[in-house]
Structures are given as C-alpha cells and as structure tokens.
Amino acid sequence: MATVNEMLSGYKGQVKWASEVFDKLSREASEDLASMIHPSSYPAKVVLFSENEPSQHVFMVLDGEVKLSMNSSDGKRLILRIAKKGEVVGLASAFTGNPYEMTAETLYPCVLACIERREYMDFLMRHPEAYQTSTEELGRQLTMACEQLRTVALSSSAPEKLARLLLDWSKDGQSTESGARFRFCLTHEEVGEFIGTSRETVTRTLKVFKSLRLVTFNGSTLSIPNRTALESYAAC
C-alpha cells in the first residue's frame with residue numbers, strides 16, 4: 001500500500017506537511033493514514049466548521065489555504081492564522097472532544113481530506129508515534145496562535161502591527177532580486193481582522209507604506225523591496 005506522500009504524488013506534486021511532523025511517520029502508519037484520505041475539492045468561502053459546533057471532523061489541507069478565526073459576543077472577528085498546505089485543521093478539538101474553538105473557512109479553492117474525529121483518534125491509538133507527532137503539531141499551532149496574539153495585543157500601533165504581519169507572511173513567499181514577494185489576496189477588512197484594526201486604518205497604512213516604497217503591488221502580488229526598512233516599523 002502507498003504512503004500518504006506516494007498516494008498523493010500524482011496530485012500537484014508530493015505533499016509536504018507544513019509542520020514536517022507527519023513526514024516522520026513510519027511507513028506502516030503513513031499507509032494507514034493514507035487509507036483514510038479521500039481528497040475533495042472545495043470552493044472559496046466555504047465554512048468547514050464554526051466555533052462552538054460539536055467536534056466531528058479534522059481536515060487535512062492538501063492544496064489551498066484555510067482561514068481560522070474567532071468571534072466575540074459583540075460580533076468582532078479576529079483572524080488567528082491561515083492554515084496552509086500540509087496542515088491539519090480542527091486538531092485541538094479532536095483531542096479534547098470539546099466544541100470547535102474557532103471557525104474554519106476556505107480562503108481560496110482548496111483540496112481537503114475530511115476525516116471523522118473518531119476515525120482519526122482510533123488511528124492515533126493504533127500508532128503511538130502518530131499520537132506524538134500530532135501532539136507536536138498542536139504545540140506548533142499554539143506557538144503560532146501566541147505569536148498572533150502578541151502582534152495584536154502587544155504592538156502599540158497599526159503600522160507596527162501591519163509591518164509585523166507582512167514580514168511574517170513574506171517568510172513563506174519567494175525571494176527575488178527585487179525583494180521578497182507573496183500573494184496578497186485578502187481584503188483590507190480581512191487584514192484588519194488579523195491585526196485588530198479597521199479597514200480604513202489598513203487602507204491608510206498601506207498607502208503610507210507604498211509612498212515610502214516599503215511595499216509595492218503588482219496585481220495580487222505584494223513585494224517588500226527593503227526588508228530592513230519595514231522591520232524598522234515592526235520594531236517601533
């Protein structure tokens with residue numbers, strides 16, 4: 001039987017787990033996991049699950065991106081992070097059995113594998129090594145959530161928050177002679193939900209960044225010509 005990577009190698013290249021922890025599975029565990037994966041296509045803006053709903057599934061992101069957010073009682077939304085190819089969404093709730101602690105929504109058209117919570121937990125019981133790697137993945141996700149909260153709660157100004165966010169996103173981008181660049185398709189309102197500020201403030205701050213040549217746009221691609229200069233804003 002094929003492993004996870006071998007089974008999916010014909011689909012847009014070999015799957016590389018974002019956290020790399022699932023790459024550590026033995027062939028037996030990987031084949032068992034592969035037997036549970038049935039890729040399905042999802043259009044953009046599909047809600048996979050909402051916070052406070054009973055935990056019923058985990059989703060593996062095989063291609064595309066999934067937006068994870070939380071809502072306050074007065075309707076304000078905070079986007080925690082974007083889950084990318086190779087990540088497992090809904091993992092914390094699967095472990096605890098508690099309702100989902102956040103809302104998951106496809107950001108772009110995605111290919112996902114939906115696995116029932118009980119089936120995934122049985123898989124972990126059959127393979128203790130997979131239990132360990134899933135725990136490592138939970139720790140990684142907690143670290144990313146803490147970084148996001150640090151940006152929102154402890155940064156003193158909108159320019160500082162936005163600069164930190166753009167620098168963080170650029171880590172997964174492409175390095176070119178003209179600087180780092182990455183896809184920037186979120187609305188200004190969604191960016192505001194990342195950093196806890198209004199759409200108008202995001203628009204105004206981006207205009208300042210562009211005027212100072214801290215960032216440039218080419219369609220949906222954002223480039224950072226001078227990373228050091230943008231870092232000076234992030235350190236304010």
# chains A, B, ... in the order shown; residues from 1 in each chain; ligands from 1
call {"tool": "residues_around", "arguments": {"residues": "Glu190 in chain A", "least_positions_apart": "3", "cutoff": "8 Å", "atoms": "only C-alpha atoms", "output": "PyMOL selection string"}}
result
chain A and resi 79+186-187+193-194+199
call {"tool": "write_last_selection", "arguments": {"atoms": "N, CA, C and O atoms", "output": "PDB file, in the first residue's frame"}}
result
ATOM      1  N   ILE A  79      -8.881  37.127  13.060  1.00  0.00           N
ATOM      2  CA  ILE A  79      -8.312  36.033  12.294  1.00  0.00           C
ATOM      3  C   ILE A  79      -7.027  35.596  12.985  1.00  0.00           C
ATOM      4  O   ILE A  79      -6.111  36.397  13.183  1.00  0.00           O
ATOM      5  N   LEU A 186      -6.132  39.024   0.303  1.00  0.00           N
ATOM      6  CA  LEU A 186      -7.118  39.337   1.327  1.00  0.00           C
ATOM      7  C   LEU A 186      -7.624  40.766   1.152  1.00  0.00           C
ATOM      8  O   LEU A 186      -6.911  41.642   0.682  1.00  0.00           O
ATOM      9  N   THR A 187      -8.860  40.985   1.550  1.00  0.00           N
ATOM     10  CA  THR A 187      -9.397  42.341   1.538  1.00  0.00           C
ATOM     11  C   THR A 187      -8.785  43.135   2.689  1.00  0.00           C
ATOM     12  O   THR A 187      -8.244  42.556   3.648  1.00  0.00           O
ATOM     13  N   GLU A 193      -8.881  42.369  10.407  1.00  0.00           N
ATOM     14  CA  GLU A 193      -9.276  41.337  11.361  1.00  0.00           C
ATOM     15  C   GLU A 193      -8.073  40.538  11.856  1.00  0.00           C
ATOM     16  O   GLU A 193      -8.123  39.915  12.912  1.00  0.00           O
ATOM     17  N   PHE A 194      -6.998  40.569  11.114  1.00  0.00           N
ATOM     18  CA  PHE A 194      -5.751  39.941  11.561  1.00  0.00           C
ATOM     19  C   PHE A 194      -5.094  40.750  12.666  1.00  0.00           C
ATOM     20  O   PHE A 194      -4.487  40.191  13.583  1.00  0.00           O
ATOM     21  N   ARG A 199     -10.813  48.568   8.619  1.00  0.00           N
ATOM     22  CA  ARG A 199     -10.458  48.533   7.200  1.00  0.00           C
ATOM     23  C   ARG A 199      -9.848  49.854   6.775  1.00  0.00           C
ATOM     24  O   ARG A 199      -8.869  49.893   6.017  1.00  0.00           O
TER      25      ARG A 199
END
call {"tool": "residues_around", "arguments": {"residues": "range 100-114 of chain A", "least_positions_apart": "2", "cutoff": "7 Å", "atoms": "only C-alpha atoms", "output": "PyMOL selection string"}}
result
chain A and resi 37-55+57-70+90+93+98+116
call {"tool": "closest_residue", "arguments": {"among": "A:Phe184, A:Phe209, A:Tyr120, A:Phe217", "to": "Asp172 in chain A", "atoms": "only C-alpha atoms"}}
result
A:Phe184
call {"tool": "atom_distance", "arguments": {"atom1": "CA of Glu137 in chain A", "atom2": "CA of Glu189 in chain A"}}
result
29.4 Å
call {"tool": "select_by_dssp", "arguments": {"residues": "range 66-157 of chain A", "states": "strand (DSSP E)", "output": "MDAnalysis selection string"}}
result
chainID A and resid 66:71 77:83 88:89 103:106 110:116
call {"tool": "residues_around", "arguments": {"residues": "range 143-152 of chain A", "least_positions_apart": "5", "cutoff": "12 Å", "atoms": "only C-alpha atoms", "output": "PyMOL selection string"}}
result
chain A and resi 19+68-70+78-83+102+136-138+157-169+191-197+234-235
call {"tool": "write_last_selection", "arguments": {"atoms": "N, CA, C and O atoms", "output": "short mmCIF file (atom, residue, chain, number, x, y, z; two decimals), in the first residue's frame"}}
result
data_model
loop_
_atom_site.label_atom_id
_atom_site.label_comp_id
_atom_site.auth_asym_id
_atom_site.auth_seq_id
_atom_site.Cartn_x
_atom_site.Cartn_y
_atom_site.Cartn_z
N SER A 19 4.24 21.38 8.86
CA SER A 19 4.99 21.30 10.11
C SER A 19 6.09 20.25 10.05
O SER A 19 6.93 20.18 10.93
N LEU A 68 -8.61 30.69 9.72
CA LEU A 68 -9.07 30.32 11.05
C LEU A 68 -9.32 31.58 11.86
O LEU A 68 -8.43 32.43 11.99
N SER A 69 -10.53 31.71 12.41
CA SER A 69 -10.89 32.95 13.10
C SER A 69 -11.74 32.67 14.33
O SER A 69 -12.27 31.57 14.51
N MET A 70 -11.84 33.70 15.18
CA MET A 70 -12.69 33.65 16.37
C MET A 70 -13.54 34.90 16.41
O MET A 70 -13.14 35.96 15.92
N LEU A 78 -11.54 38.11 14.97
CA LEU A 78 -10.09 38.11 14.94
C LEU A 78 -9.63 36.90 14.15
O LEU A 78 -9.98 35.76 14.48
N ILE A 79 -8.88 37.13 13.06
CA ILE A 79 -8.31 36.03 12.29
C ILE A 79 -7.03 35.60 12.98
O ILE A 79 -6.11 36.40 13.18
N LEU A 80 -6.96 34.34 13.36
CA LEU A 80 -5.81 33.83 14.10
C LEU A 80 -4.64 33.50 13.18
O LEU A 80 -3.50 33.84 13.45
N ARG A 81 -4.94 32.82 12.08
CA ARG A 81 -3.88 32.46 11.15
C ARG A 81 -4.49 31.85 9.90
O ARG A 81 -5.70 31.61 9.84
N ILE A 82 -3.65 31.59 8.93
CA ILE A 82 -4.03 30.91 7.71
C ILE A 82 -3.38 29.53 7.70
O ILE A 82 -2.15 29.42 7.76
N ALA A 83 -4.18 28.48 7.67
CA ALA A 83 -3.66 27.12 7.58
C ALA A 83 -3.34 26.82 6.12
O ALA A 83 -4.18 27.03 5.24
N MET A 102 -12.72 27.55 17.13
CA MET A 102 -12.60 28.59 16.10
C MET A 102 -13.41 28.20 14.89
O MET A 102 -13.96 27.09 14.82
N GLU A 136 3.00 17.22 18.76
CA GLU A 136 3.97 18.22 18.31
C GLU A 136 3.30 19.25 17.41
O GLU A 136 3.58 20.45 17.49
N GLU A 137 2.40 18.79 16.56
CA GLU A 137 1.68 19.71 15.69
C GLU A 137 0.81 20.67 16.50
O GLU A 137 0.73 21.86 16.20
N LEU A 138 0.16 20.15 17.54
CA LEU A 138 -0.63 21.02 18.41
C LEU A 138 0.24 22.09 19.06
O LEU A 138 -0.16 23.26 19.17
N SER A 157 0.95 50.18 17.72
CA SER A 157 0.35 50.99 16.67
C SER A 157 -0.03 50.13 15.47
O SER A 157 0.50 49.02 15.28
N ALA A 158 -0.95 50.65 14.65
CA ALA A 158 -1.36 49.93 13.45
C ALA A 158 -0.20 49.70 12.48
O ALA A 158 -0.08 48.60 11.93
N PRO A 159 0.66 50.70 12.22
CA PRO A 159 1.81 50.44 11.33
C PRO A 159 2.71 49.33 11.83
O PRO A 159 3.21 48.52 11.04
N GLU A 160 2.94 49.28 13.15
CA GLU A 160 3.77 48.23 13.71
C GLU A 160 3.13 46.86 13.51
O GLU A 160 3.78 45.90 13.09
N LYS A 161 1.82 46.77 13.78
CA LYS A 161 1.11 45.51 13.61
C LYS A 161 1.12 45.05 12.16
O LYS A 161 1.37 43.88 11.86
N LEU A 162 0.84 45.98 11.25
CA LEU A 162 0.78 45.62 9.84
C LEU A 162 2.15 45.22 9.31
O LEU A 162 2.28 44.27 8.54
N ALA A 163 3.19 45.94 9.73
CA ALA A 163 4.55 45.60 9.30
C ALA A 163 4.92 44.20 9.76
O ALA A 163 5.49 43.41 9.00
N ARG A 164 4.60 43.87 11.00
CA ARG A 164 4.91 42.53 11.52
C ARG A 164 4.16 41.45 10.74
O ARG A 164 4.70 40.40 10.43
N LEU A 165 2.90 41.73 10.42
CA LEU A 165 2.10 40.76 9.69
C LEU A 165 2.67 40.52 8.29
O LEU A 165 2.82 39.37 7.86
N LEU A 166 3.02 41.59 7.59
CA LEU A 166 3.56 41.45 6.23
C LEU A 166 4.91 40.74 6.25
O LEU A 166 5.20 39.90 5.38
N LEU A 167 5.72 41.04 7.24
CA LEU A 167 7.02 40.37 7.35
C LEU A 167 6.84 38.88 7.64
O LEU A 167 7.57 38.04 7.11
N ASP A 168 5.85 38.56 8.46
CA ASP A 168 5.59 37.15 8.76
C ASP A 168 5.11 36.41 7.51
O ASP A 168 5.58 35.30 7.22
N TRP A 169 4.22 37.01 6.75
CA TRP A 169 3.72 36.37 5.53
C TRP A 169 4.82 36.21 4.49
O TRP A 169 4.83 35.25 3.73
N VAL A 191 -7.56 41.91 6.47
CA VAL A 191 -6.26 42.25 7.07
C VAL A 191 -6.49 42.93 8.42
O VAL A 191 -5.77 42.66 9.39
N GLY A 192 -7.49 43.81 8.48
CA GLY A 192 -7.83 44.46 9.74
C GLY A 192 -8.22 43.46 10.81
O GLY A 192 -7.91 43.64 12.00
N GLU A 193 -8.88 42.37 10.41
CA GLU A 193 -9.28 41.34 11.36
C GLU A 193 -8.07 40.54 11.86
O GLU A 193 -8.12 39.92 12.91
N PHE A 194 -7.00 40.57 11.11
CA PHE A 194 -5.75 39.94 11.56
C PHE A 194 -5.09 40.75 12.67
O PHE A 194 -4.49 40.19 13.58
N ILE A 195 -5.15 42.06 12.57
CA ILE A 195 -4.37 42.90 13.47
C ILE A 195 -5.24 43.74 14.41
O ILE A 195 -4.75 44.60 15.13
N GLY A 196 -6.55 43.48 14.40
CA GLY A 196 -7.44 44.15 15.35
C GLY A 196 -7.62 45.63 15.08
O GLY A 196 -7.63 46.43 16.02
N THR A 197 -7.77 45.99 13.81
CA THR A 197 -8.00 47.39 13.48
C THR A 197 -9.01 47.49 12.35
O THR A 197 -9.47 46.47 11.83
N ALA A 234 8.24 47.57 12.28
CA ALA A 234 7.80 46.48 13.13
C ALA A 234 8.41 46.56 14.52
O ALA A 234 7.87 46.02 15.49
N ALA A 235 9.53 47.26 14.65
CA ALA A 235 10.22 47.36 15.93
C ALA A 235 9.89 48.64 16.68
O ALA A 235 10.51 48.93 17.70
#
